[in-house]
Amino acid sequence: MKTRNIILNSLNEEIIPYVEPAWLHSMEYINISETLLGYIPLHWHEELQFVVVKKGTIELHILGDKISICEGNGFFINSGVVHEIHATTVNATYICWNVGISLFDKHIQSKYIIPLIQEQNTPFVILTSSNAKHQHMIQAILKSFDTFLKKENGYELVITIQYLICLNELLPGIALHSSNRYPIYDQRIKTILAYIHTHYKEPITLETLAESVHLSKAETIRVFKRHVGRTPFTYILDYRLERSVDLLIGTRSSITEIAMECGFSSVSYFIEKFKQVFHLTPRKYREAKKGKEC
């Protein structure tokens with residue numbers, strides 16, 4: 001199964017491609033090294049998400065933490081929570097299961113799903129195979145993926161049942177074991193991200209970012225770092241580099257044109273920072289990616 005590149009809108013919300021638009025389940029097998037960037041960039045989605053690592057070890061970046069998750073374990077991500085995924089071993093792969101909240105009837109939504117999303121006291125849950133309830137969820141995810149691949153008659157019913165099993169195991173644990181270790185997700189982060197994504201081609205000042213969310217400059221840095229795990233300016237650099245990859249692969253623009261288009265002050269600075277992150281110059285990176293396509 002070929003790994004697709006993640007599709008993000010201008011707010012870094014992932015656009016999930018459903019096989020059946022009226023049945024909001026998406027199941028994919030992701031090999032991180034096969035993605036365009038070699039990692040899954042900072043993003044969020046309205047859908048609830050379950051993940052199980054099939055091979056190797058991945059690192060989940062969420063709410064300022066970097067959490068290592070090895071083969072056979074996984075995690076749940078709540079709706080709207082910003083996160084990023086990296087591979088820490090070669091060809092690390094995982095199963096990703098996204099489900100739209102509007103799939104559920106109004107009773108299930110109002111009693112279980114909406115409180116889970118709105119309270120946001122549990123932005124994510126790490127699933128470990130040593131925990132009996134988590135193991136049930138992991139097995140349900142693996143069974144669902146196998147069913148999804150076969151697509152035999154009635155497969156949607158089997159997968160929906162397995163998803164309800166996951167929620168039934170997940171929700172009581174959240175009610176009993178949720179803590180204040182992780183903060184309620186701060187929606188102002190998305191406002192800052194939206195500003196960066198709109199203005200990354202231009203010079204961006206901390207003062208402007210702070211004004212966009214009505215915070216002091218020091219508080220803007222503190223809040224952003226708490227949720228994203230890096231300063232706003234580190235993220236701006238990362239985002240500009242990510243956009244440069246799109247242009248390197250998707251256009252014939254020169255390296256100089258791409259550097260200017262992505263907001264870099266000089267070509268030499270662009271090349272230096274690109275090489276630090278991707279371990280190749282922009283030109284070599286373009287050649288390598290184009291070679292794989294041939």
# chains A, B, ... in the order shown; residues from 1 in each chain; ligands from 1
$ residues_around --residues "Asp238 (chain A)" --least-positions-apart "5" --cutoff "12 Å" --atoms "only C-alpha atoms" --output "list in words"
Leu37, Pro41, Leu42, Ile196, His197, Tyr200, Arg230, Thr231, Pro232, Phe233, Arg243, Ser244, Val245, Cys262, Gly263, Phe264, Phe270, Lys273, Phe274, Gln276, Val277 and Phe278 of chain A
$ closest_atom_pairs --of "region 185-205 of chain A" --to "region 59-80 of chain A" --cutoff "12 Å" --atoms "only C-alpha atoms" --output "tab-separated table"
residue	atom	partner	partner_atom	distance
A:Tyr185	CA	A:Leu63	CA	8.2
A:Asp186	CA	A:Leu63	CA	9.9
A:Gln187	CA	A:Gly80	CA	8.9
A:Ile189	CA	A:Leu63	CA	10.8
A:Lys190	CA	A:Gly80	CA	9.4
$ select_by_dssp --residues "region 94-222 of chain A" --states "strand (DSSP E or B)" --output "VMD selection string"
chain A and resid 94 to 99 124 to 127
$ residues_around --residues "region 26-35 of chain A" --least-positions-apart "3" --cutoff "10 Å" --atoms "only C-alpha atoms" --output "short mmCIF file (atom, residue, chain, number, x, y, z; two decimals) with C-alpha atoms, in the first residue's frame"
data_model
loop_
_atom_site.label_atom_id
_atom_site.label_comp_id
_atom_site.auth_asym_id
_atom_site.auth_seq_id
_atom_site.Cartn_x
_atom_site.Cartn_y
_atom_site.Cartn_z
CA MET A 1 0.00 0.00 0.00
CA LYS A 2 1.50 3.33 -1.11
CA THR A 3 1.84 6.00 1.55
CA ARG A 4 0.12 9.26 0.60
CA ASN A 5 1.43 12.70 1.47
CA ILE A 6 -0.57 14.46 4.15
CA ILE A 16 -8.87 13.41 5.26
CA PRO A 17 -9.58 11.61 1.94
CA TYR A 18 -12.47 9.25 2.64
CA VAL A 19 -12.98 6.26 0.33
CA GLU A 20 -16.71 6.51 1.02
CA PRO A 21 -17.63 10.18 1.66
CA TRP A 23 -19.08 6.77 5.71
CA GLY A 38 10.29 12.36 5.78
CA TYR A 39 8.07 13.18 8.79
CA ILE A 40 4.44 14.12 9.44
CA GLU A 47 -11.63 13.64 13.33
CA GLN A 49 -7.79 9.32 15.56
CA PHE A 50 -6.36 5.97 16.64
CA VAL A 51 -2.84 4.88 15.68
CA VAL A 52 -0.97 1.58 16.10
CA VAL A 53 2.74 1.27 15.27
CA LYS A 54 3.28 -1.72 12.99
CA LYS A 55 7.05 -1.55 12.57
CA ILE A 58 7.92 6.56 16.08
CA ILE A 85 5.06 12.51 14.05
CA HIS A 86 8.65 11.47 13.33
CA ALA A 87 10.35 8.12 12.75
CA THR A 88 13.18 7.17 15.08
CA THR A 89 13.96 3.91 13.26
CA VAL A 90 14.35 3.17 9.55
CA ASN A 91 11.06 2.54 7.72
CA ALA A 92 8.94 3.04 10.83
CA THR A 93 5.31 2.43 9.86
CA TYR A 94 1.94 2.79 11.52
CA ILE A 95 -1.79 2.28 10.94
CA CYS A 96 -3.80 5.49 11.14
CA TRP A 97 -7.58 5.35 11.69
CA ASN A 98 -9.56 8.61 11.43
CA VAL A 99 -13.28 8.79 12.12
CA GLY A 100 -15.49 11.84 11.59
CA ILE A 141 -7.64 -1.39 15.35
CA SER A 144 -10.43 -3.21 11.52
CA PHE A 145 -7.50 -2.47 9.24
CA ASP A 146 -7.40 -6.06 8.01
CA PHE A 148 -10.74 -2.55 5.59
CA LEU A 149 -8.12 -3.98 3.21
#
$ closest_residue --among "A:Ile165, A:Val223, A:Ile159, A:Leu170" --to "Ile126 (chain A)" --atoms "only C-alpha atoms"
A:Leu170
$ atom_distance --atom1 "CA of Ser212 (chain A)" --atom2 "CA of Leu116 (chain A)"
28.2 Å
$ residues_around --residues "Leu247 (chain A)" --least-positions-apart "3" --cutoff "12 Å" --atoms "only C-alpha atoms" --output "ChimeraX atom specification"
/A:36,240-244,250-262,282-283,285-286
$ select_by_dssp --residues "region 102-136 of chain A" --states "helix (DSSP H, G or I)" --output "ChimeraX atom specification"
/A:102-103,106-119,132-136
$ atom_distance --atom1 "CA of Ile114 (chain A)" --atom2 "CA of Gly229 (chain A)"
27.1 Å
$ residues_around --residues "Thr191 (chain A)" --least-positions-apart "6" --cutoff "9 Å" --atoms "only C-alpha atoms" --output "PyMOL selection string"
chain A and resi 11+209+212-213
$ write_last_selection --atoms "C-alpha atoms" --output "PDB file, in the first residue's frame"
ATOM      1  CA  LEU A  11      -4.663  26.443   8.911  1.00  0.00           C
ATOM      2  CA  LEU A 209       2.113  37.469  16.749  1.00  0.00           C
ATOM      3  CA  SER A 212      -2.955  38.593  17.081  1.00  0.00           C
ATOM      4  CA  VAL A 213      -3.836  36.767  20.327  1.00  0.00           C
TER       5      VAL A 213
END
